[in-house]
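Asker: Just one file: model22.csv, with CSV, C-alpha atoms.
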```csv
chain,number,residue,atom,x,y,z
A,5,MET,CA,0.4,-1.4,32.5
A,6,SER,CA,-0.1,-3.7,35.4
A,7,GLU,CA,-2.4,-6.1,33.5
A,8,ALA,CA,0.4,-6.8,31.1
A,9,GLU,CA,2.2,-8.6,33.8
A,10,PHE,CA,-0.7,-11.0,34.2
A,11,THR,CA,-1.0,-11.8,30.5
A,12,PRO,CA,1.6,-14.2,29.3
A,13,ARG,CA,3.5,-12.4,26.7
A,14,ILE,CA,3.9,-14.2,23.5
A,15,GLU,CA,6.5,-13.0,21.0
A,16,SER,CA,4.8,-12.4,17.8
A,17,GLN,CA,6.5,-14.3,15.1
A,18,GLY,CA,4.1,-13.8,12.2
A,19,LEU,CA,5.6,-12.6,8.9
A,20,ASP,CA,3.6,-9.4,9.1
A,21,ASP,CA,4.3,-8.4,12.7
A,22,THR,CA,5.7,-5.0,12.0
A,23,ILE,CA,3.0,-3.4,14.2
A,24,GLY,CA,2.7,-6.2,16.7
A,25,GLY,CA,4.5,-6.6,19.9
A,26,LYS,CA,2.7,-3.9,21.8
A,27,GLU,CA,1.1,-4.7,25.1
A,28,LEU,CA,-2.6,-4.8,25.7
A,29,GLY,CA,-2.4,-1.7,27.9
A,30,GLU,CA,-1.6,0.4,24.9
A,31,THR,CA,-4.7,-0.5,22.9
A,32,GLY,CA,-6.7,1.9,24.9
A,33,LEU,CA,-8.9,-0.9,26.2
A,34,GLY,CA,-6.7,-2.0,28.9
A,35,THR,CA,-7.5,0.6,31.5
A,36,ALA,CA,-9.8,-1.6,33.6
A,37,THR,CA,-8.6,-3.5,36.6
A,38,THR,CA,-7.4,-7.1,36.4
A,39,THR,CA,-10.8,-8.5,37.5
A,40,ASN,CA,-12.4,-7.8,34.2
A,41,LEU,CA,-9.3,-8.3,32.2
A,42,ALA,CA,-10.7,-11.5,30.5
A,43,PHE,CA,-13.8,-9.6,29.4
A,44,ASP,CA,-11.7,-6.7,28.1
A,45,GLU,CA,-9.5,-9.1,26.2
A,46,ARG,CA,-12.5,-10.8,24.6
A,47,THR,CA,-14.1,-7.5,23.6
A,48,ALA,CA,-10.8,-6.2,22.2
A,49,ALA,CA,-10.3,-9.5,20.3
A,50,ARG,CA,-13.8,-9.3,18.8
A,51,LYS,CA,-13.3,-5.7,17.8
A,52,SER,CA,-10.1,-6.3,15.9
A,53,PHE,CA,-11.6,-9.4,14.3
A,54,LEU,CA,-14.5,-7.3,12.9
A,55,LEU,CA,-12.2,-4.5,11.9
A,56,VAL,CA,-9.9,-6.9,10.0
A,57,PHE,CA,-12.9,-8.5,8.4
A,58,LEU,CA,-14.1,-5.0,7.3
A,59,CYS,CA,-10.6,-4.4,5.9
A,60,THR,CA,-10.8,-7.5,3.7
A,61,LEU,CA,-14.0,-6.2,2.2
A,62,ILE,CA,-12.6,-2.7,1.6
A,63,GLY,CA,-9.4,-4.3,0.2
A,64,ALA,CA,-11.4,-6.4,-2.3
A,65,LEU,CA,-13.5,-3.4,-3.3
A,66,GLY,CA,-10.3,-1.3,-3.8
A,67,GLN,CA,-8.9,-4.1,-5.9
A,68,MET,CA,-12.0,-3.9,-8.3
A,69,LEU,CA,-11.4,-0.2,-8.7
A,70,ILE,CA,-7.7,-0.8,-9.4
A,71,LYS,CA,-8.4,-3.5,-11.9
A,72,THR,CA,-11.1,-1.7,-13.8
A,73,GLY,CA,-9.1,1.6,-13.7
A,74,ALA,CA,-5.9,-0.2,-14.9
A,75,SER,CA,-7.9,-1.7,-17.8
A,76,GLN,CA,-9.1,1.8,-18.7
A,77,LEU,CA,-5.5,3.2,-18.5
A,78,GLY,CA,-4.0,0.4,-20.5
A,79,VAL,CA,-0.3,-0.5,-20.9
A,80,HIS,CA,1.6,2.1,-22.8
A,81,VAL,CA,5.0,0.9,-21.8
A,82,SER,CA,6.8,-2.5,-21.5
A,83,LEU,CA,9.4,-3.5,-18.9
A,84,PRO,CA,12.4,-3.3,-21.2
A,85,GLU,CA,11.3,0.2,-22.2
A,86,ILE,CA,11.2,1.3,-18.6
A,87,LEU,CA,14.7,-0.1,-18.0
A,88,GLN,CA,16.0,2.0,-20.8
A,89,LYS,CA,14.0,5.1,-19.8
A,90,PRO,CA,13.1,5.1,-16.1
A,91,GLY,CA,11.3,8.4,-16.6
A,92,LEU,CA,8.4,6.5,-18.3
A,93,LEU,CA,7.6,5.1,-14.9
A,94,PHE,CA,6.9,8.6,-13.6
A,95,THR,CA,4.7,9.4,-16.7
A,96,TYR,CA,2.8,6.2,-16.0
A,97,SER,CA,2.4,7.1,-12.4
A,98,LEU,CA,0.8,10.4,-13.4
A,99,GLY,CA,-1.6,8.5,-15.5
A,100,ILE,CA,-2.5,6.4,-12.5
A,101,LEU,CA,-3.2,9.5,-10.4
A,102,SER,CA,-5.4,11.1,-13.1
A,103,ASN,CA,-7.6,8.1,-13.4
A,104,PRO,CA,-10.6,8.4,-11.0
A,105,ARG,CA,-11.0,4.7,-10.4
A,106,LEU,CA,-7.3,4.1,-9.7
A,107,PHE,CA,-7.2,7.2,-7.5
A,108,MET,CA,-10.2,5.9,-5.5
A,109,GLY,CA,-8.6,2.5,-5.4
A,110,TYR,CA,-5.4,3.9,-3.9
A,111,VAL,CA,-7.5,6.0,-1.4
A,112,LEU,CA,-9.3,2.8,-0.2
A,113,TYR,CA,-5.9,1.0,0.0
A,114,GLY,CA,-4.6,3.9,2.2
A,115,ILE,CA,-7.7,3.7,4.5
A,116,ASN,CA,-7.3,0.0,4.6
A,117,THR,CA,-3.7,0.3,5.8
A,118,PHE,CA,-4.6,2.6,8.7
A,119,LEU,CA,-7.5,0.5,9.8
A,120,MET,CA,-5.4,-2.7,9.6
A,121,ALA,CA,-2.6,-1.1,11.7
A,122,ALA,CA,-5.2,0.0,14.3
A,123,ALA,CA,-6.8,-3.5,14.3
A,124,LEU,CA,-3.6,-5.4,14.6
A,125,LYS,CA,-1.9,-3.2,17.2
A,126,GLY,CA,-1.2,-5.3,20.2
A,127,ARG,CA,-3.2,-8.3,18.8
A,128,GLU,CA,-2.3,-11.9,18.5
A,129,LEU,CA,-1.7,-12.1,14.8
A,130,SER,CA,-1.9,-15.8,14.3
A,131,ARG,CA,-5.6,-15.9,14.7
A,132,LEU,CA,-6.1,-13.0,12.3
A,133,PHE,CA,-4.2,-14.5,9.3
A,134,PRO,CA,-7.1,-16.7,8.2
A,135,VAL,CA,-9.3,-13.5,8.2
A,136,ILE,CA,-6.8,-11.5,6.3
A,137,ALA,CA,-6.6,-14.3,3.7
A,138,LEU,CA,-10.3,-13.9,3.0
A,139,THR,CA,-9.4,-11.0,0.7
A,140,TYR,CA,-8.4,-13.7,-1.9
A,141,VAL,CA,-11.9,-15.1,-1.7
A,142,TRP,CA,-13.7,-11.8,-2.1
A,143,VAL,CA,-11.5,-10.7,-5.0
A,144,THR,CA,-12.3,-14.0,-6.8
A,145,PHE,CA,-16.1,-13.6,-6.1
A,146,LEU,CA,-16.1,-10.0,-7.3
A,147,SER,CA,-14.0,-10.9,-10.4
A,148,ILE,CA,-16.6,-13.4,-11.4
A,149,SER,CA,-19.7,-11.3,-10.7
A,150,LEU,CA,-18.5,-7.9,-11.7
A,151,LEU,CA,-15.7,-8.5,-14.3
A,152,GLY,CA,-17.3,-11.6,-15.9
A,153,GLU,CA,-14.3,-13.8,-15.3
A,154,ARG,CA,-14.7,-17.6,-15.5
A,155,MET,CA,-14.5,-20.0,-12.6
A,156,ASN,CA,-13.4,-23.6,-12.7
A,157,TRP,CA,-12.3,-26.2,-10.2
A,158,TYR,CA,-8.6,-25.5,-10.6
A,159,ARG,CA,-9.1,-21.8,-9.7
A,160,ALA,CA,-11.5,-22.6,-6.8
A,161,GLY,CA,-9.1,-25.2,-5.4
A,162,GLY,CA,-6.1,-22.9,-5.9
A,163,ILE,CA,-7.8,-20.1,-3.8
A,164,GLY,CA,-8.7,-22.7,-1.1
A,165,LEU,CA,-5.1,-23.8,-1.0
A,166,ILE,CA,-3.8,-20.2,-0.7
A,167,VAL,CA,-6.2,-19.3,2.1
A,168,ALA,CA,-5.1,-22.5,3.9
A,169,GLY,CA,-1.5,-21.7,3.2
A,170,VAL,CA,-1.7,-18.1,4.6
A,171,SER,CA,-3.6,-19.4,7.7
A,172,VAL,CA,-0.9,-22.0,8.3
A,173,LEU,CA,1.9,-19.5,7.7
A,174,GLY,CA,0.6,-17.4,10.6
A,175,MET,CA,0.4,-20.2,13.1
A,176,LYS,CA,2.8,-20.2,16.0
A,177,SER,CA,4.9,-23.2,16.9
A,178,LYS,CA,5.2,-24.1,20.5
A,179,THR,CA,8.9,-23.6,20.5
A,180,GLU,CA,8.5,-19.9,19.8
A,181,VAL,CA,6.4,-19.1,22.9
A,182,ILE,CA,8.4,-17.1,25.3
A,183,PRO,CA,7.2,-17.5,28.9
B,21,MET,CA,-9.8,-12.8,-22.1
B,22,LYS,CA,-6.3,-14.2,-21.9
B,23,THR,CA,-3.7,-13.4,-19.3
B,24,PRO,CA,-0.4,-12.5,-21.0
B,25,LEU,CA,2.9,-13.7,-19.6
B,26,SER,CA,4.1,-10.0,-19.3
B,27,SER,CA,1.2,-9.4,-16.9
B,28,ILE,CA,2.3,-12.3,-14.7
B,29,LEU,CA,5.9,-11.1,-14.7
B,30,LEU,CA,4.8,-7.6,-13.8
B,31,VAL,CA,2.7,-8.8,-10.8
B,32,LEU,CA,5.6,-11.0,-9.7
B,33,LEU,CA,8.0,-8.1,-9.9
B,34,SER,CA,5.5,-6.0,-7.9
B,35,SER,CA,5.3,-8.5,-5.1
B,36,PHE,CA,9.1,-8.8,-5.1
B,37,ILE,CA,9.5,-5.1,-4.6
B,38,GLY,CA,6.7,-5.0,-2.1
B,39,SER,CA,8.5,-7.6,0.1
B,40,PHE,CA,11.4,-5.0,0.4
B,41,GLY,CA,8.7,-2.4,1.4
B,42,ALA,CA,7.7,-4.7,4.3
B,43,VAL,CA,11.4,-5.0,5.4
B,44,PHE,CA,11.7,-1.2,5.6
B,45,LEU,CA,8.4,-0.7,7.4
B,46,LYS,CA,9.5,-3.2,9.9
B,47,LEU,CA,12.9,-1.4,10.3
B,48,GLY,CA,11.0,1.8,10.7
B,49,ALA,CA,8.7,0.3,13.4
B,50,GLU,CA,11.8,-0.9,15.2
B,51,HIS,CA,13.3,2.6,15.3
B,52,PRO,CA,10.3,4.7,16.3
B,53,LYS,CA,10.4,8.5,16.9
B,54,PRO,CA,7.8,10.2,19.1
B,55,GLY,CA,4.8,11.9,17.8
B,56,PHE,CA,3.2,12.4,14.4
B,57,ALA,CA,6.2,14.4,13.2
B,58,GLY,CA,8.4,11.5,14.2
B,59,LEU,CA,6.3,9.3,12.0
B,60,LEU,CA,6.8,11.6,9.0
B,61,THR,CA,10.5,12.0,9.6
B,62,ASN,CA,11.2,8.3,10.0
B,63,TYR,CA,13.2,7.8,6.8
B,64,ARG,CA,13.0,4.0,7.0
B,65,LEU,CA,9.2,4.2,7.0
B,66,ALA,CA,9.4,6.6,4.1
B,67,ILE,CA,11.5,4.2,2.1
B,68,GLY,CA,9.1,1.4,2.9
B,69,VAL,CA,6.1,3.5,1.7
B,70,ALA,CA,8.0,4.5,-1.4
B,71,LEU,CA,8.8,0.9,-2.2
B,72,TYR,CA,5.1,0.0,-1.7
B,73,LEU,CA,4.1,2.8,-4.1
B,74,LEU,CA,6.6,1.6,-6.7
B,75,SER,CA,5.4,-1.9,-6.4
B,76,SER,CA,1.8,-0.7,-6.9
B,77,VAL,CA,2.8,1.0,-10.2
B,78,PHE,CA,4.0,-2.3,-11.5
B,79,PHE,CA,0.9,-4.1,-10.2
B,80,VAL,CA,-1.3,-1.6,-12.1
B,81,MET,CA,0.7,-2.2,-15.3
B,82,GLY,CA,0.3,-5.9,-14.7
B,83,VAL,CA,-3.5,-6.0,-14.1
B,84,ALA,CA,-4.2,-3.6,-17.0
B,85,GLN,CA,-4.4,-6.8,-19.1
B,86,GLY,CA,-5.5,-10.3,-18.1
B,87,GLU,CA,-7.7,-11.8,-15.5
B,88,LEU,CA,-7.7,-10.8,-11.9
B,89,THR,CA,-8.6,-14.3,-10.8
B,90,ILE,CA,-5.2,-15.4,-12.1
B,91,LEU,CA,-3.2,-12.3,-11.2
B,92,TYR,CA,-4.4,-11.3,-7.8
B,93,PRO,CA,-3.5,-14.6,-6.0
B,94,MET,CA,0.1,-14.2,-7.3
B,95,ILE,CA,0.6,-11.5,-4.8
B,96,SER,CA,0.7,-14.3,-2.2
B,97,LEU,CA,4.0,-15.5,-3.7
B,98,GLY,CA,5.5,-12.4,-2.1
B,99,TYR,CA,5.4,-14.3,1.2
B,100,ILE,CA,8.3,-16.4,-0.1
B,101,TRP,CA,10.5,-13.4,-0.3
B,102,THR,CA,9.2,-12.1,3.0
B,103,LEU,CA,10.2,-15.3,4.7
B,104,VAL,CA,13.7,-15.1,3.2
B,105,TRP,CA,14.2,-11.5,4.2
B,106,SER,CA,12.9,-12.0,7.7
B,107,ARG,CA,15.5,-14.8,8.1
B,108,ILE,CA,18.4,-12.7,6.7
B,109,PHE,CA,17.5,-9.2,8.1
B,110,PHE,CA,15.7,-10.0,11.3
B,111,LYS,CA,17.1,-13.4,12.2
B,112,GLU,CA,13.5,-14.8,12.5
B,113,ARG,CA,13.3,-18.6,12.6
B,114,ILE,CA,11.9,-20.5,9.7
B,115,THR,CA,9.4,-22.9,11.3
B,116,ALA,CA,7.7,-26.0,10.0
B,117,PHE,CA,4.4,-24.0,9.9
B,118,LYS,CA,6.0,-21.3,7.7
B,119,VAL,CA,7.4,-23.9,5.2
B,120,ALA,CA,4.1,-25.8,5.1
B,121,GLY,CA,2.1,-22.6,4.6
B,122,LEU,CA,4.4,-21.5,1.7
B,123,GLY,CA,4.1,-24.9,0.2
B,124,LEU,CA,0.3,-24.7,0.2
B,125,ILE,CA,0.5,-21.2,-1.3
B,126,VAL,CA,2.9,-22.3,-4.1
B,127,VAL,CA,0.7,-25.3,-5.0
B,128,GLY,CA,-2.4,-23.0,-4.9
B,129,VAL,CA,-0.9,-20.5,-7.3
B,130,ALA,CA,0.2,-23.4,-9.6
B,131,CYS,CA,-3.3,-24.9,-9.4
B,132,ILE,CA,-4.9,-21.5,-10.5
B,133,ASN,CA,-2.5,-21.3,-13.4
B,134,LEU,CA,-3.5,-24.8,-14.5
B,135,GLY,CA,-7.0,-23.5,-14.7
B,136,LYS,CA,-5.9,-20.7,-17.0
B,137,ALA,CA,-7.1,-22.3,-20.2
```
Can you give me the file's structure in the form of structure tokens?
Answerer:
Amino acid sequence: MSEAEFTPRIESQGLDDTIGGKELGETGLGTATTTNLAFDERTAARKSFLLVFLCTLIGALGQMLIKTGASQLGVHVSLPEILQKPGLLFTYSLGILSNPRLFMGYVLYGINTFLMAAALKGRELSRLFPVIALTYVWVTFLSISLLGERMNWYRAGGIGLIVAGVSVLGMKSKTEVIP
Amino acid sequence: MKTPLSSILLVLLSSFIGSFGAVFLKLGAEHPKPGFAGLLTNYRLAIGVALYLLSSVFFVMGVAQGELTILYPMISLGYIWTLVWSRIFFKERITAFKVAGLGLIVVGVACINLGKA
């Protein structure tokens, strides 16, 4: 735990910081002495960067499975019908579970959640937001190439704005840094 | 392929429910219990996971029709709710970066919908 005292602790203020806030010493990489702390820190940062990057690819792949599975399943119920008979929601859920593509999509989503939690634990979230936002880019690419959806400048520009927006959202303002 | 309004509404509902899921996961993380058993008996986490599953059911219903290039980016509108809930439930500060980021996201989603035709 001694290295934590040498690292300025910054309160994580990202929107998604449910698993943040842990110290470096708990990532399993902080066992070395303070002399190679900077090296450890860089290795750990690169590792979580790559892991989050992998997560965006898995997430986009899962999204393809969910979309194509959902199209196979179709919509049997409308929202007003569900409000009248909430049991229909349960029936629909069983339909989701029995569709192989949707099932695999959910499995990938679950794996993704665990990997992401491992990658983000104790990390500075602000730098990872732009990576997380890449999922929007991959989903768009795959929708065009695999699902035959069309692309135009409005859509491309919109995706660019969303990626920029998510990146800005994760940025820290100077006033939030706790010494 | 056209994207029906019902699909858009279902995805928006899904992201709204999902934002509550995030609140409960955060509450669960703030009240940790030791060990793997502690993870399973953490009822706040359980509620969070249940809300995420519920939101995913509406998402599946939403993307059953329509284009994913239109519908998937709409998930990002959930950040609006997340910002509101983190202010109300966790007293987090709303910074200029967060407002600017949300602004870009909203304009981005609007832009994508302009390209719907």
Asker: Please report the interatomic distance between atom CA of Phe133 of chain A and atom CA of Val170 of chain A in Å with one decimal.
Answerer: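 Distance between the two atoms: 6.4 Å.
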Asker: Residues of chain A that have any atom at most 6 Å from an atom of chain B: could you tabulate them with the shortest-distance atom pair and the distance in Å to one decimal, using only C-alpha atoms, ordered by chain and increasing number, as JSON lines?
Answerer:
```
{"residue": "A:Thr22", "atom": "CA", "partner": "B:Lys46", "partner_atom": "CA", "distance": 4.7}
{"residue": "A:Lys71", "atom": "CA", "partner": "B:Val83", "partner_atom": "CA", "distance": 5.9}
{"residue": "A:Ala74", "atom": "CA", "partner": "B:Ala84", "partner_atom": "CA", "distance": 4.3}
{"residue": "A:Ser75", "atom": "CA", "partner": "B:Ala84", "partner_atom": "CA", "distance": 4.2}
{"residue": "A:Gly78", "atom": "CA", "partner": "B:Ala84", "partner_atom": "CA", "distance": 5.3}
{"residue": "A:Val79", "atom": "CA", "partner": "B:Met81", "partner_atom": "CA", "distance": 5.9}
{"residue": "A:Thr144", "atom": "CA", "partner": "B:Thr89", "partner_atom": "CA", "distance": 5.5}
{"residue": "A:Tyr158", "atom": "CA", "partner": "B:Gly135", "partner_atom": "CA", "distance": 4.8}
{"residue": "A:Arg159", "atom": "CA", "partner": "B:Ile132", "partner_atom": "CA", "distance": 4.3}
{"residue": "A:Gly162", "atom": "CA", "partner": "B:Gly128", "partner_atom": "CA", "distance": 3.8}
{"residue": "A:Leu165", "atom": "CA", "partner": "B:Gly128", "partner_atom": "CA", "distance": 4.8}
{"residue": "A:Ile166", "atom": "CA", "partner": "B:Ile125", "partner_atom": "CA", "distance": 4.5}
{"residue": "A:Gly169", "atom": "CA", "partner": "B:Gly121", "partner_atom": "CA", "distance": 4.0}
{"residue": "A:Val170", "atom": "CA", "partner": "B:Gly121", "partner_atom": "CA", "distance": 5.9}
{"residue": "A:Val172", "atom": "CA", "partner": "B:Gly121", "partner_atom": "CA", "distance": 4.8}
{"residue": "A:Leu173", "atom": "CA", "partner": "B:Gly121", "partner_atom": "CA", "distance": 4.4}
```
Asker: For the atom pair atom CA of His51 of chain B and atom CA of Leu132 of chain A, what is the interatomic distance in Å to one decimal place?
Answerer: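 Taking atom CA of His51 of chain B and atom CA of Leu132 of chain A, their separation equals 25.1 Å.
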Asker: Suppose you want the space between atom CA of Phe53 of chain A and atom CA of Met175 of chain A; what is it in Å?
Answerer: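 Rounded to one decimal, the two atoms are 16.2 Å apart.
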Asker: Looking at only C-alpha atoms, which of B:Phe40, B:Gly98, B:Leu59, B:Ser75 is the one that sits closest to Ser97 of chain A?
Answerer: B:Ser75
Asker: Counting all atoms listed in the file, which residue out of A:Ser82, A:Thr139, A:Thr60, A:Gln76 sits closest to Ile100 of chain A?
Answerer: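 Counting all atoms listed in the file, the residue closest to Ile100 of chain A is A:Gln76.
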